[in-house]
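Q: Here it is, the structure in full.
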Amino acid sequence: MRFSDTGYYIESYVKCGNCGVLVYDEGVKSSRADLAAETFCSDWCVSWKDQKAAGVADPRIKAG
Ligand SMILES: [Zn+2]
C-alpha cells in the first residue's frame with residue numbers, strides 16, 4: 001500500500017471529479033475519454049458523472 005487510511009502517505013491531494021472528497025488512493029477512472037483526466041472516489045461517482053456526460057439530466061445510480 002502506498003497510502004494509509006489515516007492519510008500519512010499522501011503524495012498529493014486529489015479530489016473526486018464528482019463529489020469533491022479527497023481521494024487517498026489511486027481512485028477510480030472513467031472509461032470515457034473526455035473524463036479520463038478526472039479521478040473519482042467511487043464507482044458510484046464514475047457512473048453518475050458518466051451519465052451526466054452522456055446527457056442524463058438526473059442520473060439514478062444504485063448505491064453500492
Ligand atoms: Zn466522489
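As shown in the C-alpha cells, the chain order sets the letters A, B, ...; within each chain, residues go from 1, and ligands are also counted from 1 in the order they appear.
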As a quick test: using only C-alpha atoms and all ligand atoms, which residues lie no more than 10 Å away from ligand 1? Give them as a list of chain:residue names.
A: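 Listing the residues within 10 Å of ligand 1 gives A:Lys15, A:Cys16, A:Gly17, A:Asn18, A:Cys19, A:Gly20, A:Val21, A:Leu22, A:Val23, A:Gly27, A:Val28, A:Thr39, A:Phe40, A:Cys41, A:Ser42, A:Asp43, A:Trp44, A:Cys45, A:Val46, A:Trp48, A:Lys49.
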Q: Could you pull out the helix (DSSP H, G or I) residues of chain A, going by DSSP on the backbone, and write them as a count of residues only?
A: 14
Q: Env of A:Arg32: 9 Å cut, atoms = only C-alpha atoms, seq-sep filter 4 positions within chain, self excluded. Answer as a PyMOL selection string.
A: chain A and resi 36+50+53
Q: Could you turn the residues from that selection into a file that holds N, CA, C and O atoms, as a PDB file, in the first residue's frame?
A:
```pdb
ATOM      1  N   ALA A  36     -11.230  11.163 -18.791  1.00  0.00           N
ATOM      2  CA  ALA A  36     -10.034  10.396 -18.432  1.00  0.00           C
ATOM      3  C   ALA A  36      -9.108  11.164 -17.499  1.00  0.00           C
ATOM      4  O   ALA A  36      -8.351  10.569 -16.740  1.00  0.00           O
ATOM      5  N   ASP A  50     -20.463   9.791 -15.620  1.00  0.00           N
ATOM      6  CA  ASP A  50     -20.612   9.200 -16.952  1.00  0.00           C
ATOM      7  C   ASP A  50     -21.981   9.518 -17.525  1.00  0.00           C
ATOM      8  O   ASP A  50     -22.115   9.914 -18.682  1.00  0.00           O
ATOM      9  N   ALA A  53     -22.315  13.150 -18.378  1.00  0.00           N
ATOM     10  CA  ALA A  53     -21.588  13.452 -19.607  1.00  0.00           C
ATOM     11  C   ALA A  53     -22.327  12.921 -20.822  1.00  0.00           C
ATOM     12  O   ALA A  53     -22.187  13.434 -21.930  1.00  0.00           O
TER      13      ALA A  53
END
```
Q: Please give the complete set of residues from chain A that DSSP, run on the backbone, assigns to strand (DSSP E or B), formatted as a list in words.
A: Val14, Lys15, Leu22, Val23, Val28 and Phe40 of chain A
